[in-house]
Amino acid sequence: MRRPVATVIDPDLCTGCGLCLAVCPSDTLSLVEGKARVTGERSLGCGHCQAVCPTGAVRVEGLRELSFHSFTPDRAWLPPGQGDPAQLLRLMLSRRSCRNYLERPVPRELLEDLVAAGQAAPSGTNSQLWTFTILPSRQAVLALGRRVGDFFAELNRLAAKAWLRQGLKLLGRPQLDNYYRDHHQSVRQAMEEWRTTGRERLFHGAPAAILVGSLPGGSCPAEDALLASQNILLAAHLLGLGTCLVGFAVEALARRPGIRAYLGLAPQETVHAVIALGFPAERYARQAGRWPLSPRWFEPPD
């Protein structure tokens, strides 16, 4: 990701310690006559140099501190090893996918704070080419939900044709047959329930949602968007909100450009996560565990 060099150094404040050179991933800076100076022609714009400078001599123009409405952030840098890992793990294990929400609307200030939390995530080559689309009301969520439902209604009609499933499978394209096996029946039942009783099992009655996407140009756009999504999930829990990732909506958005256009997304924009949001109507008594896992270890052979 190439950006114009926007690093500015105040020579009166610079002591020539060289710390900014050591942390710069692009070799943008050099020591010239005992002072840091911009000598490179490329920069990630990451702000490492600004963050490491002990005298405040370095500034990266264009960088702005994230602002929040619902709390006052602590701007002091937290060194490695000085946080509370027990509380961090408690947060990660306490957040659960919420499928029961109060009808209470989510204030726009909280939704903006969640987007800011998402922006605090790392991104490949500091591209920050993620996008955030906020659906701030139940009406907006249902508008998306109906279009996602239309997509899966059509998919169910296609998957019900055995000859089509088998023909595609013979051609090495088993996706429709796999969908029929794993999802056709449950999707049919959910859509029938929505039609007859009004119970909506896609967003589970959530009064808001955030779509996390990316624009072309990043080195790892999907990873960037999912890292931002995890920030949103954890921040939402601390702000009193429940969340649930809606994979069916991601699939519909990937397959139907008309839905993306309806939401105002750019043609080249890809949505990687759809997060249902709201004040939870459920309360848990304890944490749950995880399935056992054995990590793979590797050492190169002699």
# chains A, B, ... in the order shown; residues from 1 in each chain; ligands from 1
$ select_by_dssp --residues "range 61-226 of chain A" --states "helix (DSSP H, G or I)" --output "ChimeraX atom specification"
/A:85-94,108-119,124-126,138-159,162-170,175-197,221-226
$ select_by_dssp --residues "range 86-279 of chain A" --states "strand (DSSP E or B)" --output "list of chain:residue names"
A:Ser97, A:Tyr101, A:Trp130, A:Thr131, A:Phe132, A:Thr133, A:Ile134, A:Leu135, A:Ala208, A:Ala209, A:Ile210, A:Leu211, A:Val212, A:Gly213, A:Ser214, A:Gly242, A:Thr243, A:Cys244, A:Leu245, A:Thr270, A:Val271, A:His272, A:Ala273, A:Val274, A:Ile275, A:Ala276, A:Leu277, A:Gly278
$ closest_atom_pairs --of "range 181-295 of chain A" --to "range 95-117 of chain A" --cutoff "7 Å" --atoms "only C-alpha atoms" --output "JSON lines"
{"residue": "A:His204", "atom": "CA", "partner": "A:Arg99", "partner_atom": "CA", "distance": 5.2}
{"residue": "A:Gly205", "atom": "CA", "partner": "A:Tyr101", "partner_atom": "CA", "distance": 6.1}
{"residue": "A:Ala206", "atom": "CA", "partner": "A:Tyr101", "partner_atom": "CA", "distance": 5.7}
{"residue": "A:Pro207", "atom": "CA", "partner": "A:Pro105", "partner_atom": "CA", "distance": 5.8}
{"residue": "A:Ala208", "atom": "CA", "partner": "A:Val106", "partner_atom": "CA", "distance": 6.7}
{"residue": "A:Asn231", "atom": "CA", "partner": "A:Ala117", "partner_atom": "CA", "distance": 5.9}
{"residue": "A:Ile232", "atom": "CA", "partner": "A:Leu114", "partner_atom": "CA", "distance": 5.4}
{"residue": "A:Leu234", "atom": "CA", "partner": "A:Arg95", "partner_atom": "CA", "distance": 6.8}
{"residue": "A:Ala235", "atom": "CA", "partner": "A:Leu114", "partner_atom": "CA", "distance": 6.5}
{"residue": "A:Ala236", "atom": "CA", "partner": "A:Leu114", "partner_atom": "CA", "distance": 6.6}
{"residue": "A:His237", "atom": "CA", "partner": "A:Arg95", "partner_atom": "CA", "distance": 6.1}
{"residue": "A:Gly242", "atom": "CA", "partner": "A:Cys98", "partner_atom": "CA", "distance": 5.3}
{"residue": "A:Thr243", "atom": "CA", "partner": "A:Cys98", "partner_atom": "CA", "distance": 5.3}
{"residue": "A:Cys244", "atom": "CA", "partner": "A:Ser97", "partner_atom": "CA", "distance": 4.6}
{"residue": "A:Gly278", "atom": "CA", "partner": "A:Tyr101", "partner_atom": "CA", "distance": 5.8}
{"residue": "A:Phe279", "atom": "CA", "partner": "A:Leu102", "partner_atom": "CA", "distance": 5.6}
{"residue": "A:Pro280", "atom": "CA", "partner": "A:Tyr101", "partner_atom": "CA", "distance": 4.5}
{"residue": "A:Ala281", "atom": "CA", "partner": "A:Tyr101", "partner_atom": "CA", "distance": 4.7}
{"residue": "A:Glu282", "atom": "CA", "partner": "A:Asn100", "partner_atom": "CA", "distance": 6.3}
$ write_last_selection --atoms "N, CA and C atoms" --output "PDB file, in the first residue's frame"
ATOM      1  N   HIS A 204     -32.618 -12.248  14.037  1.00  0.00           N
ATOM      2  CA  HIS A 204     -33.111 -12.571  15.373  1.00  0.00           C
ATOM      3  C   HIS A 204     -33.744 -11.378  16.083  1.00  0.00           C
ATOM      4  N   GLY A 205     -34.371 -10.498  15.304  1.00  0.00           N
ATOM      5  CA  GLY A 205     -35.036  -9.358  15.908  1.00  0.00           C
ATOM      6  C   GLY A 205     -34.122  -8.218  16.285  1.00  0.00           C
ATOM      7  N   ALA A 206     -32.878  -8.236  15.829  1.00  0.00           N
ATOM      8  CA  ALA A 206     -31.925  -7.173  16.192  1.00  0.00           C
ATOM      9  C   ALA A 206     -32.394  -5.828  15.649  1.00  0.00           C
ATOM     10  N   PRO A 207     -32.261  -4.770  16.446  1.00  0.00           N
ATOM     11  CA  PRO A 207     -32.694  -3.441  15.999  1.00  0.00           C
ATOM     12  C   PRO A 207     -31.642  -2.668  15.216  1.00  0.00           C
ATOM     13  N   ALA A 208     -30.455  -3.244  15.023  1.00  0.00           N
ATOM     14  CA  ALA A 208     -29.393  -2.546  14.279  1.00  0.00           C
ATOM     15  C   ALA A 208     -28.413  -3.578  13.755  1.00  0.00           C
ATOM     16  N   ASN A 231     -13.000  -6.663  16.969  1.00  0.00           N
ATOM     17  CA  ASN A 231     -12.980  -5.486  17.833  1.00  0.00           C
ATOM     18  C   ASN A 231     -14.395  -5.018  18.143  1.00  0.00           C
ATOM     19  N   ILE A 232     -15.250  -5.001  17.123  1.00  0.00           N
ATOM     20  CA  ILE A 232     -16.628  -4.550  17.300  1.00  0.00           C
ATOM     21  C   ILE A 232     -17.375  -5.488  18.241  1.00  0.00           C
ATOM     22  N   LEU A 234     -16.230  -7.403  20.663  1.00  0.00           N
ATOM     23  CA  LEU A 234     -15.794  -7.264  22.056  1.00  0.00           C
ATOM     24  C   LEU A 234     -16.191  -5.906  22.635  1.00  0.00           C
ATOM     25  N   ALA A 235     -16.042  -4.851  21.835  1.00  0.00           N
ATOM     26  CA  ALA A 235     -16.442  -3.530  22.323  1.00  0.00           C
ATOM     27  C   ALA A 235     -17.937  -3.476  22.585  1.00  0.00           C
ATOM     28  N   ALA A 236     -18.731  -4.109  21.733  1.00  0.00           N
ATOM     29  CA  ALA A 236     -20.181  -4.112  21.926  1.00  0.00           C
ATOM     30  C   ALA A 236     -20.552  -4.745  23.263  1.00  0.00           C
ATOM     31  N   HIS A 237     -19.880  -5.810  23.621  1.00  0.00           N
ATOM     32  CA  HIS A 237     -20.174  -6.463  24.900  1.00  0.00           C
ATOM     33  C   HIS A 237     -19.916  -5.511  26.064  1.00  0.00           C
ATOM     34  N   GLY A 242     -25.538  -6.931  22.700  1.00  0.00           N
ATOM     35  CA  GLY A 242     -25.347  -8.279  22.219  1.00  0.00           C
ATOM     36  C   GLY A 242     -25.082  -8.243  20.728  1.00  0.00           C
ATOM     37  N   THR A 243     -24.383  -9.255  20.231  1.00  0.00           N
ATOM     38  CA  THR A 243     -24.030  -9.307  18.812  1.00  0.00           C
ATOM     39  C   THR A 243     -24.177 -10.720  18.280  1.00  0.00           C
ATOM     40  N   CYS A 244     -24.350 -10.811  16.973  1.00  0.00           N
ATOM     41  CA  CYS A 244     -24.359 -12.113  16.317  1.00  0.00           C
ATOM     42  C   CYS A 244     -23.916 -11.928  14.873  1.00  0.00           C
ATOM     43  N   GLY A 278     -27.820  -5.246  19.247  1.00  0.00           N
ATOM     44  CA  GLY A 278     -28.939  -4.756  20.035  1.00  0.00           C
ATOM     45  C   GLY A 278     -28.717  -5.011  21.510  1.00  0.00           C
ATOM     46  N   PHE A 279     -29.582  -4.443  22.317  1.00  0.00           N
ATOM     47  CA  PHE A 279     -29.519  -4.706  23.754  1.00  0.00           C
ATOM     48  C   PHE A 279     -30.066  -6.113  24.002  1.00  0.00           C
ATOM     49  N   PRO A 280     -29.305  -6.964  24.670  1.00  0.00           N
ATOM     50  CA  PRO A 280     -29.708  -8.370  24.774  1.00  0.00           C
ATOM     51  C   PRO A 280     -30.878  -8.582  25.718  1.00  0.00           C
ATOM     52  N   ALA A 281     -31.741  -9.521  25.337  1.00  0.00           N
ATOM     53  CA  ALA A 281     -32.844  -9.950  26.197  1.00  0.00           C
ATOM     54  C   ALA A 281     -32.508 -11.315  26.787  1.00  0.00           C
ATOM     55  N   GLU A 282     -31.239 -11.527  27.054  1.00  0.00           N
ATOM     56  CA  GLU A 282     -30.789 -12.795  27.639  1.00  0.00           C
ATOM     57  C   GLU A 282     -29.609 -12.502  28.557  1.00  0.00           C
TER      58      GLU A 282
END
$ closest_residue --among "A:Ala249, A:Cys17, A:Ala209, A:Leu91" --to "Arg147 in chain A" --atoms "only C-alpha atoms"
A:Ala249
$ residues_around --residues "range 183-195 of chain A" --least-positions-apart "2" --cutoff "9 Å" --atoms "only C-alpha atoms" --output "mmCIF file with N, CA and C atoms, in the first residue's frame"
data_model
loop_
_atom_site.group_PDB
_atom_site.id
_atom_site.type_symbol
_atom_site.label_atom_id
_atom_site.label_comp_id
_atom_site.auth_asym_id
_atom_site.auth_seq_id
_atom_site.Cartn_x
_atom_site.Cartn_y
_atom_site.Cartn_z
ATOM 1 N N GLY A 149 -33.707 -12.775 2.276
ATOM 2 C CA GLY A 149 -34.710 -13.835 2.207
ATOM 3 C C GLY A 149 -35.092 -14.159 0.776
ATOM 4 N N PHE A 152 -32.423 -16.390 -0.765
ATOM 5 C CA PHE A 152 -32.451 -17.788 -0.338
ATOM 6 C C PHE A 152 -33.726 -18.504 -0.776
ATOM 7 N N ALA A 153 -34.798 -17.775 -0.983
ATOM 8 C CA ALA A 153 -36.000 -18.399 -1.544
ATOM 9 C C ALA A 153 -35.707 -18.913 -2.949
ATOM 10 N N LEU A 155 -32.681 -19.617 -4.109
ATOM 11 C CA LEU A 155 -31.707 -20.691 -3.977
ATOM 12 C C LEU A 155 -32.384 -21.988 -3.579
ATOM 13 N N ASN A 156 -33.371 -21.906 -2.682
ATOM 14 C CA ASN A 156 -34.100 -23.104 -2.283
ATOM 15 C C ASN A 156 -34.859 -23.717 -3.455
ATOM 16 N N ALA A 159 -32.275 -25.509 -5.478
ATOM 17 C CA ALA A 159 -31.747 -26.689 -4.788
ATOM 18 C C ALA A 159 -32.764 -27.822 -4.722
ATOM 19 N N ALA A 160 -34.053 -27.510 -4.817
ATOM 20 C CA ALA A 160 -35.084 -28.549 -4.780
ATOM 21 C C ALA A 160 -35.097 -29.399 -6.049
ATOM 22 N N ASN A 178 -24.513 -29.661 -1.648
ATOM 23 C CA ASN A 178 -24.119 -29.491 -0.246
ATOM 24 C C ASN A 178 -25.093 -28.558 0.475
ATOM 25 N N TYR A 179 -25.491 -27.486 -0.212
ATOM 26 C CA TYR A 179 -26.461 -26.577 0.387
ATOM 27 C C TYR A 179 -27.774 -27.299 0.664
ATOM 28 N N TYR A 180 -28.223 -28.086 -0.283
ATOM 29 C CA TYR A 180 -29.480 -28.825 -0.091
ATOM 30 C C TYR A 180 -29.384 -29.745 1.125
ATOM 31 N N ARG A 181 -28.277 -30.410 1.267
ATOM 32 C CA ARG A 181 -28.084 -31.335 2.382
ATOM 33 C C ARG A 181 -28.026 -30.612 3.726
ATOM 34 N N THR A 197 -45.749 -16.388 11.186
ATOM 35 C CA THR A 197 -45.795 -15.916 12.576
ATOM 36 C C THR A 197 -45.095 -14.575 12.776
ATOM 37 N N GLY A 198 -44.279 -14.153 11.814
ATOM 38 C CA GLY A 198 -43.537 -12.908 11.975
ATOM 39 C C GLY A 198 -42.222 -13.073 12.703
ATOM 40 N N ARG A 199 -41.909 -14.306 13.154
ATOM 41 C CA ARG A 199 -40.624 -14.516 13.821
ATOM 42 C C ARG A 199 -39.510 -14.534 12.787
ATOM 43 N N GLU A 200 -38.541 -13.647 12.954
ATOM 44 C CA GLU A 200 -37.474 -13.472 11.979
ATOM 45 C C GLU A 200 -36.202 -14.057 12.561
ATOM 46 N N ARG A 201 -35.687 -15.111 11.939
ATOM 47 C CA ARG A 201 -34.556 -15.844 12.491
ATOM 48 C C ARG A 201 -33.249 -15.573 11.761
ATOM 49 N N LEU A 202 -33.240 -14.566 10.904
ATOM 50 C CA LEU A 202 -32.003 -14.191 10.225
ATOM 51 C C LEU A 202 -31.196 -13.244 11.101
#
$ closest_residue --among "A:Leu253, A:Leu277, A:Leu227, A:Val5" --to "Gln128 in chain A" --atoms "only C-alpha atoms"
A:Leu227
$ atom_distance --atom1 "CA of Pro136 in chain A" --atom2 "CA of Ala121 in chain A"
22.2 Å
$ residues_around --residues "Leu78 in chain A" --least-positions-apart "5" --cutoff "12 Å" --atoms "only C-alpha atoms" --output "ChimeraX atom specification"
/A:51,83-84
$ residues_around --residues "Phe151 in chain A" --least-positions-apart "5" --cutoff "10 Å" --atoms "only C-alpha atoms" --output "ChimeraX atom specification"
/A:145-146,156,248-249,251-253,255-256,259
$ write_last_selection --atoms "N, CA and C atoms" --output "PDB file, in the first residue's frame"
ATOM      1  N   GLY A 145     -32.969  -7.760   5.436  1.00  0.00           N
ATOM      2  CA  GLY A 145     -33.418  -9.121   5.684  1.00  0.00           C
ATOM      3  C   GLY A 145     -34.369  -9.639   4.621  1.00  0.00           C
ATOM      4  N   ARG A 146     -35.264  -8.790   4.148  1.00  0.00           N
ATOM      5  CA  ARG A 146     -36.196  -9.226   3.106  1.00  0.00           C
ATOM      6  C   ARG A 146     -35.466  -9.572   1.813  1.00  0.00           C
ATOM      7  N   ASN A 156     -33.371 -21.906  -2.682  1.00  0.00           N
ATOM      8  CA  ASN A 156     -34.100 -23.104  -2.283  1.00  0.00           C
ATOM      9  C   ASN A 156     -34.859 -23.717  -3.455  1.00  0.00           C
ATOM     10  N   PHE A 248     -25.408 -15.923   6.591  1.00  0.00           N
ATOM     11  CA  PHE A 248     -26.312 -16.011   5.453  1.00  0.00           C
ATOM     12  C   PHE A 248     -26.390 -14.677   4.707  1.00  0.00           C
ATOM     13  N   ALA A 249     -26.361 -13.575   5.441  1.00  0.00           N
ATOM     14  CA  ALA A 249     -26.407 -12.261   4.802  1.00  0.00           C
ATOM     15  C   ALA A 249     -25.135 -11.991   4.019  1.00  0.00           C
ATOM     16  N   GLU A 251     -23.325 -14.199   2.490  1.00  0.00           N
ATOM     17  CA  GLU A 251     -23.418 -14.977   1.261  1.00  0.00           C
ATOM     18  C   GLU A 251     -24.327 -14.305   0.237  1.00  0.00           C
ATOM     19  N   ALA A 252     -25.471 -13.811   0.690  1.00  0.00           N
ATOM     20  CA  ALA A 252     -26.392 -13.140  -0.234  1.00  0.00           C
ATOM     21  C   ALA A 252     -25.771 -11.890  -0.822  1.00  0.00           C
ATOM     22  N   LEU A 253     -25.054 -11.130  -0.021  1.00  0.00           N
ATOM     23  CA  LEU A 253     -24.404  -9.917  -0.516  1.00  0.00           C
ATOM     24  C   LEU A 253     -23.314 -10.244  -1.529  1.00  0.00           C
ATOM     25  N   ARG A 255     -23.400 -12.740  -3.585  1.00  0.00           N
ATOM     26  CA  ARG A 255     -23.998 -13.309  -4.807  1.00  0.00           C
ATOM     27  C   ARG A 255     -24.928 -12.350  -5.532  1.00  0.00           C
ATOM     28  N   ARG A 256     -25.391 -11.316  -4.867  1.00  0.00           N
ATOM     29  CA  ARG A 256     -26.387 -10.428  -5.453  1.00  0.00           C
ATOM     30  C   ARG A 256     -25.895  -8.981  -5.454  1.00  0.00           C
ATOM     31  N   ILE A 259     -28.286  -6.203  -4.164  1.00  0.00           N
ATOM     32  CA  ILE A 259     -28.436  -5.913  -2.734  1.00  0.00           C
ATOM     33  C   ILE A 259     -27.368  -4.921  -2.293  1.00  0.00           C
TER      34      ILE A 259
END
$ closest_residue --among "A:Arg42, A:Arg260, A:Lys161, A:Arg173" --to "Gly213 in chain A" --atoms "only C-alpha atoms"
A:Arg260
$ residues_around --residues "Gly47 in chain A" --least-positions-apart "6" --cutoff "8 Å" --atoms "only C-alpha atoms" --output "ChimeraX atom specification"
/A:59-60,63
$ write_last_selection --atoms "C-alpha atoms" --output "compact mmCIF listing (two decimals), in the first residue's frame"
# COMPACT_ATOMS: atom_id res chain seq x y z
CA ARG A 59 4.18 13.98 13.30
CA VAL A 60 2.36 12.08 10.55
CA LEU A 63 -3.59 10.78 11.37
$ closest_residue --among "A:Arg296, A:Gly34, A:Val141, A:Leu238" --to "Gln87 in chain A" --atoms "only C-alpha atoms"
A:Leu238
